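Undergrad: coords.txt is the file, holding compact mmCIF, C-alpha atoms:
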```txt
# COMPACT_ATOMS: atom_id res chain seq x y z
CA MET A 17 -10.06 0.02 -82.38
CA SER A 18 -11.72 3.37 -82.89
CA ASN A 19 -10.29 6.86 -82.59
CA GLU A 20 -13.65 8.62 -82.37
CA LYS A 21 -14.96 10.46 -79.33
CA ILE A 22 -18.04 9.23 -77.49
CA LYS A 23 -20.90 11.38 -78.76
CA LYS A 24 -23.95 9.19 -78.16
CA CYS A 25 -25.41 7.38 -75.16
CA LEU A 26 -27.86 4.49 -75.51
CA PHE A 27 -30.52 3.89 -72.86
CA PRO A 28 -32.25 0.48 -72.99
CA ALA A 29 -35.67 1.33 -71.54
CA ALA A 30 -38.11 -1.27 -72.79
CA GLY A 31 -38.26 -3.58 -69.77
CA TYR A 32 -41.45 -4.26 -67.86
CA GLY A 33 -40.18 -3.47 -64.35
CA THR A 34 -42.07 -6.43 -62.89
CA ARG A 35 -40.39 -6.10 -59.48
CA PHE A 36 -42.24 -2.81 -59.03
CA LEU A 37 -45.72 -3.98 -59.98
CA PRO A 38 -48.39 -2.72 -59.67
CA ALA A 39 -46.72 0.73 -59.89
CA THR A 40 -45.10 -0.12 -63.24
CA LYS A 41 -48.31 -1.40 -64.81
CA ALA A 42 -48.89 2.07 -66.30
CA ILE A 43 -45.70 3.94 -65.38
CA PRO A 44 -42.36 3.04 -67.04
CA LYS A 45 -39.91 1.84 -64.38
CA GLU A 46 -37.39 4.33 -65.77
CA MET A 47 -39.80 7.12 -64.75
CA LEU A 48 -40.01 6.09 -61.11
CA PRO A 49 -38.78 9.11 -59.12
CA VAL A 50 -35.95 9.23 -56.64
CA LEU A 51 -37.09 12.32 -54.77
CA THR A 52 -38.53 14.56 -57.51
CA LYS A 53 -36.54 13.29 -60.49
CA PRO A 54 -37.11 10.13 -62.57
CA LEU A 55 -34.35 7.53 -62.74
CA LEU A 56 -33.86 8.10 -66.46
CA GLN A 57 -33.23 11.80 -65.96
CA TYR A 58 -30.38 11.01 -63.55
CA GLY A 59 -28.85 8.88 -66.30
CA VAL A 60 -29.28 11.57 -68.97
CA GLU A 61 -27.67 14.15 -66.69
CA GLU A 62 -24.74 11.79 -66.14
CA ALA A 63 -24.30 11.50 -69.91
CA ILE A 64 -24.45 15.29 -70.30
CA GLU A 65 -21.75 15.64 -67.65
CA ALA A 66 -19.61 13.30 -69.78
CA GLU A 67 -20.04 15.81 -72.66
CA ILE A 68 -22.46 13.57 -74.57
CA GLU A 69 -25.26 15.44 -76.35
CA THR A 70 -27.15 12.72 -78.25
CA MET A 71 -29.41 10.42 -76.21
CA ALA A 72 -30.65 7.29 -77.97
CA ILE A 73 -33.48 5.59 -76.11
CA VAL A 74 -34.78 2.08 -76.83
CA THR A 75 -38.37 1.95 -75.58
CA GLY A 76 -41.34 -0.36 -75.85
CA ARG A 77 -45.11 -0.38 -75.53
CA GLY A 78 -46.46 1.77 -72.71
CA LYS A 79 -43.39 3.99 -72.54
CA ARG A 80 -44.75 7.21 -74.05
CA ALA A 81 -44.23 8.98 -70.72
CA ILE A 82 -40.47 8.90 -71.42
CA GLU A 83 -40.85 10.89 -74.63
CA ASP A 84 -43.29 13.29 -72.97
CA HIS A 85 -40.91 13.91 -70.08
CA PHE A 86 -38.07 14.98 -72.36
CA ASP A 87 -40.30 17.38 -74.28
CA ILE A 88 -41.72 20.81 -73.62
CA SER A 89 -45.10 20.88 -71.88
CA TYR A 90 -46.53 24.16 -73.14
CA GLU A 91 -49.76 23.91 -71.12
CA LEU A 92 -47.92 23.21 -67.85
CA GLU A 93 -45.36 25.95 -68.47
CA HIS A 94 -48.15 28.42 -69.25
CA GLN A 95 -50.00 27.51 -66.06
CA ILE A 96 -47.05 28.08 -63.73
CA LYS A 97 -45.29 30.90 -65.60
CA GLY A 98 -44.74 33.89 -63.33
CA THR A 99 -45.67 31.93 -60.20
CA SER A 100 -43.52 30.70 -57.33
CA LYS A 101 -43.63 27.20 -58.88
CA GLU A 102 -41.91 28.15 -62.15
CA HIS A 103 -38.45 27.17 -60.87
CA TYR A 104 -39.53 23.53 -60.56
CA LEU A 105 -39.21 23.11 -64.33
CA THR A 106 -35.85 24.84 -64.65
CA GLU A 107 -33.82 21.65 -64.25
CA ILE A 108 -35.63 19.54 -66.85
CA ARG A 109 -35.85 22.48 -69.26
CA ASP A 110 -32.06 22.79 -69.01
CA VAL A 111 -31.65 19.08 -69.83
CA ILE A 112 -33.95 19.33 -72.86
CA THR A 113 -32.05 22.28 -74.33
CA LYS A 114 -28.62 20.66 -73.88
CA CYS A 115 -29.16 17.50 -75.89
CA THR A 116 -31.03 15.71 -78.66
CA PHE A 117 -33.29 12.71 -78.05
CA SER A 118 -34.04 9.94 -80.52
CA TYR A 119 -36.16 6.84 -79.99
CA THR A 120 -36.72 3.37 -81.37
CA ARG A 121 -38.73 0.41 -80.07
CA GLN A 122 -37.71 -3.05 -78.96
CA LEU A 123 -40.68 -5.06 -80.24
CA GLU A 124 -39.88 -8.20 -78.24
CA MET A 125 -38.16 -8.58 -74.88
CA LYS A 126 -35.15 -10.73 -75.79
CA GLY A 127 -32.55 -9.48 -73.34
CA LEU A 128 -30.11 -6.61 -72.91
CA GLY A 129 -28.02 -7.69 -75.89
CA HIS A 130 -31.09 -7.58 -78.11
CA ALA A 131 -32.09 -4.16 -76.73
CA ILE A 132 -28.65 -2.76 -77.52
CA ALA A 133 -28.80 -4.29 -81.00
CA CYS A 134 -32.11 -2.49 -81.56
CA GLY A 135 -30.26 0.77 -80.99
CA GLU A 136 -27.96 0.34 -84.01
CA THR A 137 -30.20 2.48 -86.19
CA LEU A 138 -29.79 5.35 -83.70
CA ILE A 139 -26.07 4.88 -83.06
CA GLY A 140 -24.57 4.05 -86.46
CA ASP A 141 -20.92 3.12 -86.93
CA GLU A 142 -19.28 4.83 -83.95
CA PRO A 143 -18.36 4.03 -80.35
CA PHE A 144 -21.06 4.79 -77.80
CA ALA A 145 -21.94 4.70 -74.13
CA VAL A 146 -24.70 2.66 -72.52
CA ILE A 147 -26.46 3.59 -69.28
CA LEU A 148 -28.97 1.34 -67.54
CA ALA A 149 -31.20 3.72 -65.59
CA ASP A 150 -31.85 1.00 -62.98
CA ASP A 151 -28.28 1.49 -61.80
CA LEU A 152 -28.20 4.93 -60.22
CA CYS A 153 -24.66 6.16 -59.62
CA ASP A 154 -23.31 9.14 -57.72
CA ASN A 155 -19.85 10.55 -57.10
CA ASP A 156 -18.70 13.87 -55.68
CA GLY A 157 -16.00 14.07 -58.36
CA ASP A 158 -16.32 12.91 -61.97
CA SER A 159 -19.43 10.84 -62.67
CA VAL A 160 -18.92 7.15 -63.46
CA LEU A 161 -19.52 7.70 -67.17
CA THR A 162 -17.13 10.68 -67.24
CA GLN A 163 -14.46 8.45 -65.69
CA MET A 164 -15.09 5.82 -68.37
CA VAL A 165 -15.04 8.29 -71.26
CA LYS A 166 -11.62 9.50 -70.11
CA LEU A 167 -10.49 5.89 -69.94
CA TYR A 168 -11.76 5.24 -73.46
CA GLU A 169 -9.64 8.10 -74.77
CA LYS A 170 -6.61 6.13 -73.60
CA TYR A 171 -7.54 2.54 -74.42
CA LYS A 172 -9.89 2.90 -77.41
CA CYS A 173 -11.78 -0.33 -76.69
CA SER A 174 -14.97 -1.54 -75.04
CA ILE A 175 -15.18 -0.84 -71.30
CA VAL A 176 -17.44 -2.31 -68.62
CA ALA A 177 -17.87 -0.82 -65.15
CA VAL A 178 -17.42 -3.40 -62.39
CA GLN A 179 -17.64 -3.57 -58.63
CA GLU A 180 -16.85 -6.21 -56.03
CA ILE A 181 -19.93 -8.05 -54.77
CA PRO A 182 -20.53 -10.83 -52.25
CA LEU A 183 -19.83 -14.16 -53.96
CA LYS A 184 -23.35 -15.35 -53.14
CA ASP A 185 -24.76 -12.65 -55.46
CA THR A 186 -22.88 -13.62 -58.64
CA CYS A 187 -26.03 -15.32 -59.97
CA LYS A 188 -27.56 -11.84 -60.43
CA TYR A 189 -24.81 -10.31 -62.62
CA GLY A 190 -22.41 -10.72 -65.47
CA VAL A 191 -19.06 -11.56 -63.84
CA ILE A 192 -15.59 -10.94 -65.29
CA ALA A 193 -12.07 -12.27 -64.86
CA GLY A 194 -8.79 -10.99 -66.24
CA GLU A 195 -5.40 -9.46 -65.60
CA THR A 196 -4.87 -6.19 -63.76
CA ILE A 197 -3.00 -3.81 -66.08
CA GLU A 198 -3.31 -0.64 -64.00
CA GLU A 199 -4.84 0.23 -60.67
CA ASP A 200 -8.58 -0.54 -60.90
CA ILE A 201 -8.25 -1.57 -64.59
CA ILE A 202 -8.47 -5.19 -65.74
CA ARG A 203 -7.93 -6.58 -69.23
CA VAL A 204 -10.87 -8.97 -69.47
CA SER A 205 -10.16 -12.56 -70.49
CA ASP A 206 -13.42 -14.18 -69.41
CA MET A 207 -16.96 -13.18 -68.51
CA VAL A 208 -19.97 -15.27 -67.55
CA GLU A 209 -23.62 -14.26 -67.29
CA LYS A 210 -25.21 -14.93 -63.89
CA PRO A 211 -22.96 -17.81 -62.77
CA GLN A 212 -23.60 -19.75 -59.59
CA PRO A 213 -21.08 -18.81 -56.88
CA GLU A 214 -19.13 -22.05 -57.32
CA ASP A 215 -18.78 -21.34 -61.07
CA ALA A 216 -18.00 -17.62 -60.90
CA PRO A 217 -14.58 -16.62 -62.27
CA SER A 218 -14.34 -13.80 -59.67
CA ASN A 219 -16.54 -11.55 -57.54
CA LEU A 220 -16.26 -8.60 -59.98
CA ALA A 221 -19.74 -7.87 -61.32
CA ILE A 222 -20.64 -5.76 -64.33
CA ILE A 223 -23.00 -2.89 -63.50
CA GLY A 224 -25.07 -0.73 -65.83
CA ARG A 225 -22.36 1.42 -67.44
CA TYR A 226 -20.66 0.44 -70.70
CA ILE A 227 -18.68 1.96 -73.52
CA LEU A 228 -18.94 -0.17 -76.64
CA THR A 229 -17.12 -0.11 -79.94
CA PRO A 230 -19.41 -0.35 -83.00
CA ASP A 231 -18.31 -3.87 -84.01
CA ILE A 232 -20.50 -5.03 -81.12
CA PHE A 233 -23.52 -4.76 -83.44
CA ASP A 234 -22.16 -7.34 -85.92
CA ILE A 235 -21.22 -9.60 -83.01
CA LEU A 236 -24.72 -9.32 -81.52
CA LYS A 237 -26.27 -10.35 -84.84
CA LYS A 238 -24.36 -13.63 -84.57
CA THR A 239 -24.90 -14.11 -80.84
CA LYS A 240 -27.31 -16.90 -79.98
CA ALA A 241 -29.70 -16.81 -77.05
CA GLY A 242 -27.90 -17.68 -73.82
CA LYS A 243 -28.85 -17.53 -70.16
CA GLY A 244 -32.63 -17.37 -69.72
CA GLY A 245 -33.19 -17.75 -73.46
CA GLU A 246 -32.11 -14.12 -73.99
CA ILE A 247 -29.42 -12.50 -76.11
CA GLN A 248 -26.85 -11.46 -73.54
CA ILE A 249 -24.49 -8.51 -74.00
CA THR A 250 -22.05 -10.48 -71.83
CA ASP A 251 -21.76 -13.17 -74.52
CA ALA A 252 -21.10 -10.59 -77.23
CA LEU A 253 -18.52 -8.80 -75.08
CA LEU A 254 -16.75 -12.13 -74.48
CA ALA A 255 -16.14 -12.38 -78.23
CA GLN A 256 -14.45 -8.96 -78.08
CA ALA A 257 -12.55 -9.92 -74.93
CA LYS A 258 -11.03 -12.99 -76.59
CA LYS A 259 -9.31 -10.56 -78.98
CA GLY A 260 -8.15 -8.30 -76.13
CA GLY A 261 -10.82 -5.72 -76.88
CA VAL A 262 -12.47 -5.27 -73.45
CA ILE A 263 -11.30 -3.74 -70.20
CA ALA A 264 -13.13 -3.62 -66.87
CA TYR A 265 -12.98 -0.57 -64.64
CA LYS A 266 -13.51 -0.54 -60.88
CA PHE A 267 -15.17 2.86 -60.81
CA LYS A 268 -15.09 5.49 -58.11
CA GLY A 269 -18.47 6.34 -56.62
CA LYS A 270 -21.65 4.84 -55.18
CA ARG A 271 -24.06 2.66 -57.11
CA PHE A 272 -27.64 1.81 -56.18
CA ASP A 273 -29.57 -1.09 -57.69
CA CYS A 274 -32.84 0.72 -58.26
CA GLY A 275 -34.23 -2.30 -60.07
CA SER A 276 -34.86 -3.71 -56.60
CA VAL A 277 -37.12 -2.21 -53.93
CA ASP A 278 -34.33 -2.31 -51.34
CA GLY A 279 -31.91 -0.46 -53.63
CA PHE A 280 -34.56 2.06 -54.63
CA VAL A 281 -35.32 2.90 -51.00
CA GLU A 282 -31.59 3.10 -50.20
CA ALA A 283 -31.08 5.54 -53.09
CA THR A 284 -34.04 7.66 -52.02
CA ASN A 285 -32.71 7.95 -48.47
CA TYR A 286 -29.18 8.71 -49.70
CA PHE A 287 -30.25 11.51 -52.06
CA TYR A 288 -32.66 12.92 -49.48
CA ASP A 289 -29.88 13.16 -46.91
CA LYS A 290 -27.52 14.61 -49.52
CA GLN A 291 -30.09 17.23 -50.53
CA LYS A 292 -30.57 18.27 -46.92
CA MET A 293 -26.82 18.67 -46.45
CA ASP A 294 -26.58 20.82 -49.59
CA LYS A 295 -29.19 23.28 -48.35
```
Translate this structure into structure tokens?
TA:
Amino acid sequence: MSNEKIKKCLFPAAGYGTRFLPATKAIPKEMLPVLTKPLLQYGVEEAIEAEIETMAIVTGRGKRAIEDHFDISYELEHQIKGTSKEHYLTEIRDVITKCTFSYTRQLEMKGLGHAIACGETLIGDEPFAVILADDLCDNDGDSVLTQMVKLYEKYKCSIVAVQEIPLKDTCKYGVIAGETIEEDIIRVSDMVEKPQPEDAPSNLAIIGRYILTPDIFDILKKTKAGKGGEIQITDALLAQAKKGGVIAYKFKGKRFDCGSVDGFVEATNYFYDKQKMDK
């Protein structure tokens, strides 16, 4: 159990985004825009809201656009300086000045667990958050990650965000089971990666928000390939859960699966309507 605050957020961003081909042939899926802002920027802003200032991004080949986005574009800024378009860069400039970005590469696609393990060199020996940019979350109050950081300050253990899903969809997610210890908080006793509905321990699915204690890195080194021949973070978390070291949190807010076309369109419509209401 760790007493440290959450100061770093890891973003696994090396995947191919095959469900969005051909768009993702040359554009990282994390850079696909919902309205005028890339998915990854929504995630970084959520981390900033949770008072996290160090962003650790695991990338891969063809992902240079991510680094360029979170950098100053002197030529572009020069071209629009003093014009009516200058305000368009205010938001991203604000993000860049509020936090530090570091990068490493996942050389082979071996699953989410492997991607997180690749981030050890950026994280070190401290607890950290993980955001999957594919899962776009929104809440009028505290962001999902802010809710989880506050929860970590109480429980000092690994935390996974979960939501209830139709039983027929359990084959798409990591699914947990456990004992309710507070409202919306479950002490995890079991978790299974992408079980068939008849084998699922519950209908509570893990979504792309985690807080992990640093011992997860040693566990991942010993974790063998599981479902789909990949190193699954679910399997590593199960090892922690068997020692009482994982809780699941039924978060407050909306979540959109932007790894699917349907979820991406739903998110776009939602944020468009929200933007219109704010004006």
Undergrad: Can you work out which one of A:Ile197, A:Leu148, A:Ile263, A:Val165 has the shortest atom-to-atom distance to Ile132 of chain A, counting all atoms listed in the file?
TA: A:Leu148
Undergrad: Box for segment 186-195 of chain A - axis-aligned, 4 Å on each of the six sides, all listed atoms - centre and size in Å to one decimal, as lines of an AutoDock Vina configuration file.
TA:
```
center_x = -16.5
center_y = -12.4
center_z = -62.4
size_x = 30.2
size_y = 13.9
size_z = 15.6
```
Undergrad: One decimal, Å: what's the distance from atom CA of Glu282 of chain A over to atom CA of Asp200 of chain A, could you say?
TA: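 Taking atom CA of Glu282 of chain A and atom CA of Asp200 of chain A, their separation equals 25.6 Å.
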Undergrad: Can you tell me, as a PyMOL selection string, what residues are no more than 12 Å from Lys259 of chain A when counting all atoms listed in the file, ignoring any on the same chain fewer than 3 positions away?
TA: chain A and resi 17+173-174+203-206+252-256+262-263
Undergrad: Take atom CA of Glu46 of chain A and atom CA of Ala29 of chain A and report the distance between them in Å, one decimal.
TA: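 These two atoms are separated by 6.7 Å.
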Undergrad: Identify which of the residues A:Phe86, A:Tyr168, A:Tyr288, A:Phe272 lies closest to Ser118 of chain A, counting all atoms listed in the file when measuring atom-to-atom distances.
TA: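 Distance minimum relative to Ser118 of chain A lands on A:Phe86.
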Undergrad: Any idea what the distance is between atom CA of Val146 of chain A and atom CA of Pro28 of chain A?
TA: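 Going from atom CA of Val146 of chain A over to atom CA of Pro28 of chain A covers 7.9 Å.
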Undergrad: Give the answer as one residue: which of A:Gly59, A:Glu199, A:Asp185, A:Ile232 has the shortest atom-to-atom distance to Asp215 of chain A, using all atoms listed in the file?
TA: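 Looking only at the distances to Asp215 of chain A, the closest residue turns out to be A:Asp185.
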Undergrad: Give as a PyMOL selection string every residue, naming chains and numbers as the document does, that has an atom within 10 Å of (-22.5, 16.1, -70.5), counting only C-alpha atoms.
TA: chain A and resi 23+60-70+111+114-115+159+161-162
Undergrad: Counting all atoms listed in the file, which residues of segment 18-78 of chain A sit at most 10 Å from some atom of segment 222-230 of chain A, and what is each one's closest atom pair with its distance in Å to one decimal, listed by chain and rising residue number, as a tab-separated table?
TA:
```
residue	atom	partner	partner_atom	distance
A:Ser18	CA	A:Thr229	CA	7.1
A:Glu20	CA	A:Thr229	CA	9.7
A:Ile22	CA	A:Ile227	CA	8.3
A:Cys25	CA	A:Ile227	CA	8.8
A:Leu26	CA	A:Tyr226	CA	9.6
A:Gly59	CA	A:Arg225	CA	10.0
```
Undergrad: Filtering to C-alpha atoms, could you give me those residues as a JSON list (two decimals), in the frame of the given file?
TA:
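In the end it all went to out21.json:
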```json
[["chain", "number", "residue", "atom", "x", "y", "z"],
["A", 18, "SER", "CA", -11.72, 3.37, -82.89],
["A", 20, "GLU", "CA", -13.65, 8.62, -82.37],
["A", 22, "ILE", "CA", -18.04, 9.23, -77.49],
["A", 25, "CYS", "CA", -25.41, 7.38, -75.16],
["A", 26, "LEU", "CA", -27.86, 4.49, -75.51],
["A", 59, "GLY", "CA", -28.85, 8.88, -66.30]]
```
Undergrad: Counting all atoms listed in the file, which residue out of A:Lys184, A:Tyr265, A:Ala42, A:Ile139 sits closest to Lys166 of chain A?
TA: A:Tyr265
Undergrad: Closest to Ala131 of chain A among A:Gly260, A:Pro54, A:Pro143, A:Gly31, using only C-alpha atoms?
TA: A:Gly31
Undergrad: Counting all atoms listed in the file, which of A:Ile112, A:Leu167, A:Cys187, A:Met47 gets nearest to Gly244 of chain A?
TA: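 Checking each candidate against Gly244 of chain A, we get A:Cys187 as the closest.
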